Structure formats: C-alpha cells, structure tokens
file data-v3.txt (compact mmCIF, C-alpha atoms)
# COMPACT_ATOMS: atom_id res chain seq x y z
CA MET X 1 -104.93 9.65 -62.62
CA SER X 2 -104.04 13.32 -62.34
CA PHE X 3 -101.22 12.44 -59.91
CA LEU X 4 -99.84 9.83 -62.27
CA GLY X 5 -100.10 12.25 -65.18
CA SER X 6 -98.22 14.94 -63.28
CA PHE X 7 -95.54 12.41 -62.25
CA ARG X 8 -95.15 11.24 -65.84
CA ASN X 9 -94.74 14.83 -67.06
CA LEU X 10 -92.17 15.52 -64.38
CA LEU X 11 -90.25 12.38 -65.31
CA LEU X 12 -90.24 13.37 -68.98
CA ALA X 13 -88.97 16.84 -68.10
CA VAL X 14 -86.14 15.41 -65.99
CA CYS X 15 -85.18 13.01 -68.79
CA LEU X 16 -85.19 15.86 -71.30
CA MET X 17 -82.95 17.94 -69.07
CA LEU X 18 -80.53 15.03 -68.67
CA VAL X 19 -80.39 14.50 -72.42
CA LEU X 20 -79.79 18.19 -73.11
CA GLY X 21 -77.13 18.30 -70.41
CA PHE X 22 -75.37 15.27 -71.88
CA LEU X 23 -75.41 16.78 -75.37
CA TYR X 24 -74.04 20.07 -74.09
CA TYR X 25 -71.30 18.32 -72.14
CA SER X 26 -70.40 16.12 -75.10
CA ALA X 27 -70.26 19.09 -77.46
CA GLY X 28 -67.96 20.86 -75.07
CA LYS X 29 -65.70 17.83 -74.80
CA LEU X 30 -65.57 17.45 -78.57
CA HIS X 31 -64.76 21.13 -78.97
CA MET X 32 -62.00 20.92 -76.40
CA HIS X 33 -60.67 17.70 -77.98
CA GLY X 34 -60.56 19.34 -81.41
CA TRP X 35 -58.94 22.43 -80.01
CA GLY X 36 -56.38 20.36 -78.15
CA GLN X 37 -55.70 18.33 -81.28
CA GLU X 38 -55.04 21.53 -83.21
CA LEU X 39 -52.64 22.64 -80.52
CA ARG X 40 -50.82 19.33 -80.62
CA GLU X 41 -50.58 19.36 -84.39
CA SER X 42 -49.30 22.91 -84.47
CA SER X 43 -46.72 22.27 -81.75
CA THR X 44 -45.23 19.25 -83.59
CA GLU X 45 -44.08 20.26 -87.02
CA TYR X 46 -43.87 17.76 -89.87
CA ASP X 47 -43.11 18.30 -93.52
CA ARG X 48 -45.60 17.53 -96.27
CA LEU X 49 -44.51 13.87 -96.42
CA GLY X 50 -44.80 13.35 -92.68
CA PHE X 51 -41.15 13.65 -91.57
CA LEU X 52 -40.29 15.53 -88.41
CA LEU X 53 -38.86 18.92 -89.35
CA LYS X 54 -36.54 19.49 -86.40
CA LEU X 55 -34.20 16.58 -86.92
CA ASP X 56 -31.01 18.21 -85.63
CA SER X 57 -32.30 18.68 -82.09
CA GLY X 58 -31.52 15.10 -81.02
CA THR X 59 -35.12 14.62 -79.91
CA SER X 60 -35.60 11.51 -82.01
CA ALA X 61 -32.64 9.73 -80.47
CA GLU X 62 -33.74 10.56 -76.93
CA LEU X 63 -37.34 9.43 -77.36
CA SER X 64 -37.17 6.47 -79.68
CA TYR X 65 -34.55 4.01 -78.52
CA LYS X 66 -33.47 2.60 -75.19
CA ASN X 67 -29.81 1.69 -74.83
CA GLY X 68 -30.71 -1.39 -72.79
CA ASN X 69 -31.81 -3.11 -75.99
CA ILE X 70 -28.26 -3.95 -77.05
CA THR X 71 -27.39 -7.54 -77.87
CA GLU X 72 -24.07 -9.24 -77.29
CA GLY X 73 -21.56 -7.80 -79.72
CA GLY X 74 -23.00 -4.29 -79.57
CA CYS X 75 -25.83 -4.59 -82.08
CA ARG X 76 -28.79 -2.38 -81.16
CA ARG X 77 -31.86 -4.49 -81.74
CA GLY X 78 -34.73 -2.61 -83.44
CA PHE X 79 -32.71 0.61 -83.61
CA ALA X 80 -33.31 1.59 -87.25
CA SER X 81 -37.06 1.04 -87.16
CA ALA X 82 -37.36 2.85 -83.81
CA GLN X 83 -35.47 5.85 -85.11
CA MET X 84 -37.45 5.85 -88.35
CA THR X 85 -40.74 5.75 -86.47
CA ALA X 86 -39.59 8.66 -84.31
CA ILE X 87 -38.98 10.93 -87.29
CA PHE X 88 -41.69 9.42 -89.51
CA PRO X 89 -44.62 8.15 -87.38
CA ARG X 90 -46.33 6.53 -90.39
CA PHE X 91 -43.52 3.98 -90.71
CA SER X 92 -44.71 0.38 -90.49
CA LYS X 93 -41.97 -2.21 -90.11
CA PRO X 94 -43.31 -5.55 -91.44
CA ALA X 95 -42.31 -5.96 -95.09
CA PRO X 96 -40.28 -9.00 -96.17
CA MET X 97 -37.17 -8.49 -98.30
CA PHE X 98 -38.15 -10.88 -101.05
CA LEU X 99 -41.26 -12.23 -102.73
CA ASP X 100 -42.39 -15.68 -101.63
CA ASN X 101 -45.39 -17.86 -102.40
CA THR X 102 -47.67 -15.53 -100.44
CA PHE X 103 -46.97 -12.60 -102.78
CA LYS X 104 -50.53 -12.67 -104.17
CA GLN X 105 -51.85 -11.81 -100.70
CA TRP X 106 -50.18 -8.42 -100.89
CA SER X 107 -53.20 -6.66 -102.39
CA LYS X 108 -51.37 -3.42 -103.17
CA LEU X 109 -48.76 -5.28 -105.22
CA LYS X 110 -51.50 -6.45 -107.56
CA ASP X 111 -52.80 -2.91 -108.00
CA PHE X 112 -49.61 -1.57 -109.61
CA VAL X 113 -47.63 -2.54 -112.69
CA PRO X 114 -43.81 -2.70 -112.48
CA PRO X 115 -41.83 -1.16 -110.97
CA PHE X 116 -44.34 -0.37 -108.21
CA GLY X 117 -46.09 -3.73 -108.17
CA ILE X 118 -46.51 -7.06 -109.94
CA LYS X 119 -49.72 -6.51 -111.90
CA GLY X 120 -49.60 -8.60 -115.08
CA GLN X 121 -46.54 -10.55 -113.89
CA GLU X 122 -48.19 -12.99 -111.49
CA ALA X 123 -47.83 -16.04 -113.73
CA VAL X 124 -44.15 -15.56 -114.55
CA ILE X 125 -43.32 -14.78 -110.90
CA GLN X 126 -45.06 -17.98 -109.84
CA LYS X 127 -42.93 -19.94 -112.32
CA ILE X 128 -39.74 -18.32 -111.06
CA LEU X 129 -40.57 -18.94 -107.39
CA GLY X 130 -41.46 -22.51 -108.27
CA ILE X 131 -37.84 -23.23 -109.16
CA THR X 132 -35.92 -20.91 -106.81
CA LYS X 133 -37.78 -22.21 -103.72
CA GLN X 134 -35.79 -19.90 -101.40
CA TYR X 135 -37.38 -16.69 -100.14
CA THR X 136 -35.23 -15.42 -97.26
CA LEU X 137 -31.59 -14.75 -96.43
CA THR X 138 -29.26 -17.60 -95.52
CA SER X 139 -30.14 -19.76 -92.52
CA SER X 140 -27.21 -18.35 -90.53
CA LEU X 141 -28.32 -14.76 -91.12
CA ASP X 142 -31.98 -15.55 -90.48
CA SER X 143 -31.03 -16.98 -87.09
CA LEU X 144 -29.38 -13.77 -85.91
CA SER X 145 -31.34 -11.91 -83.25
CA CYS X 146 -29.84 -8.62 -84.42
CA LYS X 147 -28.57 -7.76 -87.91
CA ARG X 148 -26.26 -4.91 -88.86
CA CYS X 149 -26.50 -4.03 -92.56
CA ILE X 150 -24.54 -1.73 -94.83
CA ILE X 151 -25.50 -0.57 -98.32
CA MET X 152 -22.50 0.15 -100.51
CA GLY X 153 -23.00 2.98 -102.94
CA ASN X 154 -20.80 3.26 -106.01
CA GLY X 155 -19.69 6.86 -105.48
CA GLY X 156 -16.09 7.97 -105.84
CA ILE X 157 -16.27 9.37 -102.32
CA VAL X 158 -15.43 5.93 -100.91
CA ALA X 159 -12.06 5.87 -102.71
CA ASN X 160 -8.94 6.13 -100.52
CA LYS X 161 -10.96 5.93 -97.28
CA SER X 162 -9.59 2.47 -96.31
CA LEU X 163 -12.98 1.39 -94.97
CA GLY X 164 -12.78 -2.17 -96.28
CA THR X 165 -12.16 -3.87 -92.93
CA ARG X 166 -14.92 -1.90 -91.22
CA ILE X 167 -17.40 -2.68 -94.04
CA ASP X 168 -16.69 -6.40 -93.80
CA GLU X 169 -17.64 -6.36 -90.10
CA TYR X 170 -21.32 -5.87 -90.97
CA ASP X 171 -23.55 -8.94 -90.98
CA VAL X 172 -25.14 -8.04 -94.32
CA VAL X 173 -23.20 -6.21 -97.03
CA ILE X 174 -25.43 -5.03 -99.89
CA ARG X 175 -23.90 -4.03 -103.22
CA LEU X 176 -25.59 -2.52 -106.25
CA ASN X 177 -25.49 -3.46 -109.91
CA GLU X 178 -22.05 -4.19 -111.38
CA ALA X 179 -19.84 -2.28 -108.93
CA PRO X 180 -16.67 -4.40 -108.64
CA VAL X 181 -15.02 -5.68 -105.49
CA LYS X 182 -11.82 -7.32 -106.71
CA GLY X 183 -8.96 -4.84 -106.70
CA PHE X 184 -10.84 -2.38 -104.46
CA GLU X 185 -11.03 -4.40 -101.24
CA LYS X 186 -9.06 -1.87 -99.19
CA ASP X 187 -11.78 0.75 -99.68
CA VAL X 188 -15.00 -1.25 -100.25
CA GLY X 189 -14.32 -4.53 -98.46
CA SER X 190 -14.39 -8.06 -99.82
CA LYS X 191 -17.68 -9.34 -98.42
CA THR X 192 -20.88 -9.40 -100.47
CA THR X 193 -24.12 -10.77 -99.01
CA LEU X 194 -26.59 -9.40 -101.56
CA ARG X 195 -26.08 -7.85 -104.97
CA ILE X 196 -29.24 -6.06 -106.05
CA THR X 197 -29.60 -5.37 -109.76
CA TYR X 198 -31.86 -5.23 -112.79
CA PRO X 199 -31.15 -6.57 -116.32
CA GLU X 200 -29.25 -3.53 -117.65
CA GLY X 201 -27.24 -3.20 -114.43
CA ALA X 202 -26.28 -6.85 -113.97
CA ILE X 203 -22.67 -7.98 -114.24
CA GLN X 204 -22.10 -9.35 -117.73
CA LYS X 205 -18.84 -11.22 -117.07
CA PRO X 206 -19.62 -14.42 -115.11
CA ALA X 207 -16.15 -14.48 -113.52
CA ARG X 208 -16.90 -11.25 -111.63
CA TYR X 209 -19.77 -12.69 -109.58
CA GLU X 210 -18.98 -13.32 -105.93
CA LYS X 211 -19.23 -16.99 -105.07
CA ASP X 212 -21.14 -16.73 -101.78
CA SER X 213 -23.53 -13.87 -102.55
CA LEU X 214 -27.24 -13.86 -103.35
CA PHE X 215 -28.41 -12.46 -106.68
CA VAL X 216 -31.34 -10.13 -105.93
CA PHE X 217 -33.47 -9.08 -108.88
CA ALA X 218 -35.26 -5.72 -108.95
CA GLY X 219 -37.93 -5.54 -111.65
CA PHE X 220 -38.58 -2.13 -113.20
CA LYS X 221 -40.26 -3.16 -116.46
CA PRO X 222 -42.49 -6.06 -117.53
CA GLN X 223 -39.73 -7.47 -119.75
CA ASP X 224 -37.39 -7.55 -116.76
CA PHE X 225 -39.40 -10.41 -115.24
CA LYS X 226 -39.29 -12.24 -118.55
CA TRP X 227 -35.49 -11.83 -118.52
CA LEU X 228 -35.27 -13.28 -115.01
CA LYS X 229 -37.28 -16.32 -116.05
CA TYR X 230 -34.79 -16.95 -118.87
CA ILE X 231 -31.90 -16.59 -116.40
CA VAL X 232 -33.41 -18.93 -113.81
CA TYR X 233 -34.40 -21.59 -116.33
CA LYS X 234 -31.06 -21.25 -118.19
CA GLU X 235 -32.88 -20.35 -121.40
CA LYS X 236 -31.58 -18.24 -124.25
CA VAL X 237 -31.73 -14.51 -123.63
CA SER X 238 -32.04 -11.90 -126.34
CA PRO X 239 -29.79 -9.06 -125.08
CA SER X 240 -31.79 -6.39 -126.90
CA ASP X 241 -35.36 -7.51 -126.16
CA GLY X 242 -36.86 -4.16 -125.14
CA PHE X 243 -33.90 -3.08 -123.01
CA TRP X 244 -32.22 0.32 -123.20
CA LYS X 245 -28.78 -1.27 -123.37
CA SER X 246 -27.30 -4.76 -123.67
CA VAL X 247 -27.97 -7.09 -120.75
CA ALA X 248 -26.36 -10.14 -119.20
CA THR X 249 -27.29 -13.36 -120.99
CA PHE X 250 -26.03 -15.63 -118.22
CA VAL X 251 -25.80 -15.35 -114.43
CA PRO X 252 -23.63 -17.98 -112.72
CA LYS X 253 -26.04 -18.55 -109.87
CA GLU X 254 -28.14 -21.57 -109.02
CA PRO X 255 -31.90 -20.95 -108.64
CA LYS X 256 -31.62 -21.30 -104.85
CA GLU X 257 -29.24 -18.29 -104.86
CA ILE X 258 -31.70 -15.99 -106.66
CA ARG X 259 -34.30 -13.75 -105.00
CA ILE X 260 -36.94 -11.29 -106.21
CA LEU X 261 -36.87 -7.96 -104.37
CA ASN X 262 -40.24 -7.02 -102.91
CA PRO X 263 -41.58 -4.21 -105.20
CA TYR X 264 -43.15 -2.69 -102.10
CA PHE X 265 -39.82 -1.00 -101.37
CA ILE X 266 -39.66 0.65 -104.79
CA ARG X 267 -43.13 2.10 -104.30
CA GLU X 268 -42.55 3.16 -100.70
CA ALA X 269 -39.23 4.82 -101.52
CA ALA X 270 -40.72 6.67 -104.49
CA PHE X 271 -44.04 7.92 -103.21
CA THR X 272 -43.97 7.73 -99.40
CA PHE X 273 -40.38 8.66 -98.51
CA ILE X 274 -39.06 10.73 -101.42
CA GLY X 275 -42.34 12.23 -102.65
CA LEU X 276 -41.93 11.55 -106.37
CA PRO X 277 -44.88 12.03 -108.79
CA VAL X 278 -47.31 9.12 -108.57
CA ASN X 279 -48.26 9.36 -112.26
CA ASN X 280 -51.23 7.00 -111.76
CA GLY X 281 -48.85 4.29 -110.57
CA MET X 282 -46.93 4.21 -113.85
CA MET X 283 -43.26 4.77 -114.60
CA GLY X 284 -42.80 8.35 -115.72
CA ARG X 285 -40.40 11.25 -115.81
CA GLY X 286 -38.57 11.69 -112.52
CA ASN X 287 -40.55 9.16 -110.48
CA ILE X 288 -38.19 6.19 -110.28
CA PRO X 289 -36.02 5.99 -107.14
CA THR X 290 -32.40 4.94 -107.49
CA LEU X 291 -31.51 1.42 -106.47
CA GLY X 292 -29.54 2.88 -103.57
CA SER X 293 -32.63 4.49 -102.01
CA VAL X 294 -34.61 1.32 -102.65
CA ALA X 295 -31.96 -0.79 -100.90
CA ILE X 296 -31.95 1.56 -97.91
CA THR X 297 -35.74 1.36 -97.71
CA MET X 298 -35.53 -2.43 -97.73
CA ALA X 299 -32.91 -2.37 -94.97
CA LEU X 300 -35.01 -0.11 -92.73
CA HIS X 301 -37.66 -2.84 -92.67
CA ASN X 302 -35.34 -5.81 -92.25
CA CYS X 303 -32.18 -4.72 -90.42
CA ASP X 304 -31.65 -3.59 -86.84
CA GLU X 305 -28.87 -1.17 -87.72
CA VAL X 306 -28.35 0.42 -91.14
CA ALA X 307 -25.22 2.10 -92.49
CA VAL X 308 -24.21 3.37 -95.92
CA ALA X 309 -20.96 4.20 -97.68
CA GLY X 310 -20.21 5.61 -101.11
CA PHE X 311 -23.37 7.74 -101.28
CA GLY X 312 -23.48 11.35 -102.40
CA TYR X 313 -22.46 13.40 -105.42
CA ASP X 314 -20.59 16.65 -104.92
CA MET X 315 -21.55 18.78 -107.91
CA ASN X 316 -19.21 21.50 -106.67
CA ALA X 317 -16.26 19.22 -107.44
CA PRO X 318 -16.61 18.53 -111.19
CA ASN X 319 -13.19 16.85 -111.40
CA ALA X 320 -13.83 14.41 -108.56
CA PRO X 321 -14.33 10.75 -109.57
CA LEU X 322 -17.96 9.85 -110.17
CA HIS X 323 -17.47 6.18 -109.23
CA TYR X 324 -14.74 4.54 -107.19
CA TYR X 325 -13.90 2.03 -109.93
CA GLU X 326 -13.48 4.24 -113.01
CA SER X 327 -11.98 7.53 -114.17
CA VAL X 328 -15.25 9.22 -115.21
CA LYS X 329 -15.55 12.63 -113.53
CA MET X 330 -18.42 14.17 -111.58
CA SER X 331 -19.02 16.60 -114.44
CA ALA X 332 -20.28 13.67 -116.54
CA ILE X 333 -23.56 13.59 -114.59
CA LYS X 334 -26.42 14.70 -116.76
CA GLU X 335 -30.01 15.37 -115.82
CA SER X 336 -31.73 12.02 -115.39
CA TRP X 337 -35.08 11.32 -117.03
CA THR X 338 -36.02 8.69 -114.47
CA HIS X 339 -34.50 9.90 -111.18
CA ASN X 340 -34.81 13.04 -109.09
CA ILE X 341 -31.42 13.20 -107.39
CA GLY X 342 -32.28 16.40 -105.51
CA LYS X 343 -35.34 14.94 -103.80
CA GLU X 344 -33.51 11.71 -103.02
CA LYS X 345 -30.73 13.67 -101.36
CA GLU X 346 -33.34 15.41 -99.17
CA PHE X 347 -34.70 12.02 -98.11
CA LEU X 348 -31.29 10.57 -97.30
CA ARG X 349 -30.31 13.68 -95.34
CA LYS X 350 -33.41 13.23 -93.19
CA LEU X 351 -32.29 9.70 -92.35
CA VAL X 352 -28.78 10.85 -91.44
CA ARG X 353 -29.93 13.85 -89.42
CA GLY X 354 -32.53 11.73 -87.65
CA GLN X 355 -29.83 9.17 -86.79
CA VAL X 356 -31.75 6.46 -88.63
CA ILE X 357 -28.72 5.50 -90.74
CA THR X 358 -24.97 6.01 -90.35
CA ASP X 359 -23.07 7.49 -93.30
CA LEU X 360 -19.51 6.17 -93.11
CA THR X 361 -18.23 8.39 -95.92
CA ALA X 362 -20.16 11.53 -94.91
CA GLY X 363 -21.24 12.20 -98.49
CA ILE X 364 -24.94 12.68 -97.81
call {"tool": "encode", "arguments": {"input": "data-v3.txt", "output": "structure tokens"}}
result
Amino acid sequence: MSFLGSFRNLLLAVCLMLVLGFLYYSAGKLHMHGWGQELRESSTEYDRLGFLLKLDSGTSAELSYKNGNITEGGCRRGFASAQMTAIFPRFSKPAPMFLDNTFKQWSKLKDFVPPFGIKGQEAVIQKILGITKQYTLTSSLDSLSCKRCIIMGNGGIVANKSLGTRIDEYDVVIRLNEAPVKGFEKDVGSKTTLRITYPEGAIQKPARYEKDSLFVFAGFKPQDFKWLKYIVYKEKVSPSDGFWKSVATFVPKEPKEIRILNPYFIREAAFTFIGLPVNNGMMGRGNIPTLGSVAITMALHNCDEVAVAGFGYDMNAPNAPLHYYESVKMSAIKESWTHNIGKEKEFLRKLVRGQVITDLTAGI
C-alpha cells in the first residue's frame, strides 16, 4: 500500500508540473501574440474609419488585383471590390442594387427609418414590389460576366470636355436627378441606364425621360415611399404633400421599369465610408450623403469597374459654372443643412487615390 501511495503521489506531482508548464507556455504564447498584434497594428496605419492612410504609395494596386483577371474587351473582373478591400479591409461586397421580395430578411434595414432603412414602410414597399415585379438590371446586363459602370455627376467641370463618346462606352451609365442629356451629348453622352432620384429631384417634364432607362427611386423620407406608390399605381399625387419643393406628379415609366434603391447604400455611405453623425439612426443636420456618393457606394458593390465624371466643386473658382446645364455660378453654393461636402470630398479622394474609381474629369 505504501508503494502504491508513493506512486500515486509521484503521478500527481508529475501531472501538476505538466499543467503548470502548459499554463506558463500558453501565457507566453498569448503575450507574444498580443505583442505581435500590437506591432502589426502599429505598422499598418488606418484612419479612424478604417481606410488605409498611405494611399499614394501604390501598395493597394500591387497587392489587391491580378491583371490576369481581365475578360474579353478589357474589363477587369472584380477590380473595384478588390481595390476597395485593399484600402478598406472591412468592405463586404454582397449587397444587391435594388429591393426585392426578400427585403424583410435584411434585419438592419428594419432597424432604421428612412433614409437609412425601411422601418415603418414595409407595407407600402410590399405593395410597390407587388406591381413592379422586377428587381435587377436588364437581362442583357445581368448576363455580363464583367460590368463597367460610370456615375455622371452634374458638375460644370464636365462641360467642354467632349467625353460623351467615352461615357457611352460604359456598360452602365448612371445619372442623377433631373440632369439633362439632350443638347449636351458631346460632353455627357447620350446613354442612360439608370436615373437615380427622389421626389424633389425627379424630372417633372415627361418628355425629358429617356426611353430605355430604368427609374431608380431613393427614399429619404417616409412620404417619399407614399409618393412612389402613387407614381407606380398611376394615382393622383399632391405635389406639396410634405415635400420641401414641388415634385413630379407623373413619371412616364411602366412599373417593370421602376426600381427601389437598396437603403443599405445610403447608410453605408453616410456612417461607414464618410463618417457622418449617426444621430440615433435619424436624419439630422449634416448626416445625409449626396446622391452621388450613394450611387458610387452602390456601384462598388455591383460593378467590376467604377468611373465617375462631373464630380467636384472648385470653391476657388467662384465664377465657374456650378452645373453643366445652367448658368448658375459656383459662388451660389451655400452651406447645406443636410450634406457635409467637405467630408464627402475626403471620402471620394480616398477612392481616387486608392485607385478604386477613375475620375474622368479630375475634379475630385
């Protein structure tokens, strides 16, 4: 019995030593891991939003995209998302352009009221989708293995650049609000794939709508969705029903040509990319992104290559044209209650410097 007792004590001592050794080794590994993590974090510098700080070094282009991924015709498949991930590692690509019948499964959309979600608008959205019945681009565009998209800004910087032919070469041409095409084709092109707008920004003269384009609705206020329902169902619209200016009372588009922009892009542009005040998820002073930044955000998720033209305001040139289609001067810009143009410009410059987007007019 004494031998067995001594053996048992010895075995317990050995086990205790093994346990202590394991704990010591593990603690050391954890310490080294933490120390190494600190070194890694300090050696790679990101800004407060998560964007790589050193964007001019060319590092992102070298690490993120392989030139062998080029499809016939020169389109670089996956280029925009690869570049975006390189300069902003938190970027997650899957996010459909438009709402479809699965919109209620997007839990975050239900947590926010417009413009950052669809809370309180589920019923009216369901009615709208029930008649539009189309939730993607055209069948020909959906079948493309690689899509090149351009977002046309309305800035005067695009005037006299003769970029029309080059703009029309893109697979998807996105225009904003009521910016005209007719009469300006030499500079802005003649092709329109999507026209993204909200009630106050929509074209009010039916004759000015492009025949083959999709009408894409961006909802910023609860009454905006009510307006869209009237438009889709061809019902009477009150042009002053809670809007800050008169709105279109008729849109010459069939329901199958109408889409609802995914509000995810408004929220992501505002809070994740630009860093605007969250304001408890409510619309407030200086926390609404411009439609241009929202459209670019949408394109980053759904296009392989992304370009822009007509973006950028030069406040040092007060006599320059504000928009390409009118005589209003740059000096007419006043401080906006809803937008933060300075922060948006920082965001767009990151995309240009990181080679995520191409700026054809070099205004950003």
call {"tool": "residues_near_point", "arguments": {"input": "data-v3.txt", "point": "(-36.2, -2.2, -98.3)", "cutoff": "8 Å", "atoms": "all atoms listed in the file", "output": "PyMOL selection string"}}
result
chain X and resi 95+97+262+264-266+294-302
call {"tool": "residues_around", "arguments": {"input": "data-v3.txt", "residues": "segment 244-250 of chain X", "least_positions_apart": "3", "cutoff": "10 Å", "atoms": "only C-alpha atoms", "output": "ChimeraX atom specification"}}
result
/X:198-206,227-228,230-232,234-241,253
call {"tool": "atom_distance", "arguments": {"input": "data-v3.txt", "atom1": "atom CA of Ala207 of chain X", "atom2": "atom CA of Asn177 of chain X"}}
result
14.9 Å
call {"tool": "residues_around", "arguments": {"input": "data-v3.txt", "residues": "segment 281-292 of chain X", "least_positions_apart": "3", "cutoff": "10 Å", "atoms": "all atoms listed in the file", "output": "VMD selection string"}}
result
chain X and resid 111 to 117 151 to 154 174 to 177 196 to 198 218 220 to 221 265 to 271 274 to 278 295 to 298 308 311 335 to 341 343 to 344
call {"tool": "closest_residue", "arguments": {"input": "data-v3.txt", "among": "X:Gly183, X:Gly354, X:Pro96, X:Gly156", "to": "Met330 of chain X", "atoms": "all atoms listed in the file"}}
result
X:Gly156
call {"tool": "closest_residue", "arguments": {"input": "data-v3.txt", "among": "X:Ile333, X:Ile150, X:Leu99, X:Val188", "to": "Gly130 of chain X", "atoms": "only C-alpha atoms"}}
result
X:Leu99
call {"tool": "atom_distance", "arguments": {"input": "data-v3.txt", "atom1": "atom CA of Val306 of chain X", "atom2": "atom CA of Glu257 of chain X"}}
result
23.2 Å
call {"tool": "closest_residue", "arguments": {"input": "data-v3.txt", "among": "X:Ala320, X:Phe51, X:Lys345, X:Phe79", "to": "Phe91 of chain X", "atoms": "all atoms listed in the file"}}
result
X:Phe51
call {"tool": "atom_distance", "arguments": {"input": "data-v3.txt", "atom1": "atom CA of Leu137 of chain X", "atom2": "atom CA of Cys303 of chain X"}}
result
11.7 Å
call {"tool": "closest_residue", "arguments": {"input": "data-v3.txt", "among": "X:Asp359, X:Asp224, X:Asp212, X:Thr272", "to": "Phe347 of chain X", "atoms": "all atoms listed in the file"}}
result
X:Thr272
call {"tool": "closest_residue", "arguments": {"input": "data-v3.txt", "among": "X:Asn101, X:Ser293, X:Asn160, X:Gln121", "to": "Gly312 of chain X", "atoms": "all atoms listed in the file"}}
result
X:Ser293
call {"tool": "residues_around", "arguments": {"input": "data-v3.txt", "residues": "Leu322 of chain X", "least_positions_apart": "4", "cutoff": "8 Å", "atoms": "all atoms listed in the file", "output": "NGL selection string"}}
result
:X and (155-156 or 313 or 326-330 or 332)
call {"tool": "write_last_selection", "arguments": {"input": "data-v3.txt", "atoms": "C-alpha atoms", "output": "PDB file, in the frame of the given file"}}
result
ATOM      1  CA  GLY X 155     -19.690   6.860-105.480  1.00  0.00           C
ATOM      2  CA  GLY X 156     -16.090   7.970-105.840  1.00  0.00           C
ATOM      3  CA  TYR X 313     -22.460  13.400-105.420  1.00  0.00           C
ATOM      4  CA  GLU X 326     -13.480   4.240-113.010  1.00  0.00           C
ATOM      5  CA  SER X 327     -11.980   7.530-114.170  1.00  0.00           C
ATOM      6  CA  VAL X 328     -15.250   9.220-115.210  1.00  0.00           C
ATOM      7  CA  LYS X 329     -15.550  12.630-113.530  1.00  0.00           C
ATOM      8  CA  MET X 330     -18.420  14.170-111.580  1.00  0.00           C
ATOM      9  CA  ALA X 332     -20.280  13.670-116.540  1.00  0.00           C
TER      10      ALA X 332
END
call {"tool": "closest_residue", "arguments": {"input": "data-v3.txt", "among": "X:Asp314, X:Asp187, X:Glu346, X:Asp142", "to": "Ala362 of chain X", "atoms": "only C-alpha atoms"}}
result
X:Asp314
call {"tool": "build_atoms", "arguments": {"input": "data-v3.txt", "residues": "segment 185-191 of chain X", "atoms": "all heavy atoms", "output": "mmCIF file, in the frame of the given file"}}
result
data_model
loop_
_atom_site.group_PDB
_atom_site.id
_atom_site.type_symbol
_atom_site.label_atom_id
_atom_site.label_comp_id
_atom_site.auth_asym_id
_atom_site.auth_seq_id
_atom_site.Cartn_x
_atom_site.Cartn_y
_atom_site.Cartn_z
ATOM 1 N N GLU X 185 -10.688 -3.901 -102.568
ATOM 2 C CA GLU X 185 -11.030 -4.400 -101.240
ATOM 3 C C GLU X 185 -10.640 -3.451 -100.114
ATOM 4 O O GLU X 185 -11.343 -3.356 -99.105
ATOM 5 C CB GLU X 185 -10.381 -5.775 -101.007
ATOM 6 C CG GLU X 185 -10.904 -6.884 -101.892
ATOM 7 C CD GLU X 185 -10.142 -7.005 -103.206
ATOM 8 O OE1 GLU X 185 -9.383 -6.060 -103.551
ATOM 9 O OE2 GLU X 185 -10.305 -8.044 -103.879
ATOM 10 N N LYS X 186 -9.522 -2.762 -100.262
ATOM 11 C CA LYS X 186 -9.060 -1.870 -99.190
ATOM 12 C C LYS X 186 -10.098 -0.799 -98.868
ATOM 13 O O LYS X 186 -10.269 -0.426 -97.703
ATOM 14 C CB LYS X 186 -7.742 -1.205 -99.592
ATOM 15 C CG LYS X 186 -7.171 -0.288 -98.519
ATOM 16 C CD LYS X 186 -5.855 0.340 -98.961
ATOM 17 C CE LYS X 186 -5.316 1.286 -97.896
ATOM 18 N NZ LYS X 186 -4.035 1.947 -98.319
ATOM 19 N N ASP X 187 -10.808 -0.331 -99.889
ATOM 20 C CA ASP X 187 -11.780 0.750 -99.680
ATOM 21 C C ASP X 187 -13.215 0.256 -99.544
ATOM 22 O O ASP X 187 -14.011 0.871 -98.823
ATOM 23 C CB ASP X 187 -11.709 1.742 -100.853
ATOM 24 C CG ASP X 187 -10.420 2.545 -100.858
ATOM 25 O OD1 ASP X 187 -9.934 2.900 -99.768
ATOM 26 O OD2 ASP X 187 -9.891 2.804 -101.956
ATOM 27 N N VAL X 188 -13.587 -0.835 -100.239
ATOM 28 C CA VAL X 188 -15.000 -1.250 -100.250
ATOM 29 C C VAL X 188 -15.229 -2.610 -99.597
ATOM 30 O O VAL X 188 -16.361 -3.083 -99.523
ATOM 31 C CB VAL X 188 -15.552 -1.280 -101.692
ATOM 32 C CG1 VAL X 188 -15.377 0.067 -102.351
ATOM 33 C CG2 VAL X 188 -14.908 -2.383 -102.531
ATOM 34 N N GLY X 189 -14.159 -3.240 -99.101
ATOM 35 C CA GLY X 189 -14.320 -4.530 -98.460
ATOM 36 C C GLY X 189 -14.350 -5.666 -99.469
ATOM 37 O O GLY X 189 -14.356 -5.449 -100.685
ATOM 38 N N SER X 190 -14.391 -6.884 -98.953
ATOM 39 C CA SER X 190 -14.390 -8.060 -99.820
ATOM 40 C C SER X 190 -15.648 -8.899 -99.675
ATOM 41 O O SER X 190 -15.864 -9.840 -100.427
ATOM 42 C CB SER X 190 -13.173 -8.940 -99.488
ATOM 43 O OG SER X 190 -13.200 -9.341 -98.127
ATOM 44 N N LYS X 191 -16.485 -8.548 -98.735
ATOM 45 C CA LYS X 191 -17.680 -9.340 -98.420
ATOM 46 C C LYS X 191 -18.889 -8.829 -99.203
ATOM 47 O O LYS X 191 -19.129 -7.628 -99.277
ATOM 48 C CB LYS X 191 -17.937 -9.255 -96.916
ATOM 49 C CG LYS X 191 -19.146 -9.983 -96.408
ATOM 50 C CD LYS X 191 -19.190 -9.797 -94.888
ATOM 51 C CE LYS X 191 -20.386 -10.446 -94.251
ATOM 52 N NZ LYS X 191 -20.384 -10.244 -92.780
#
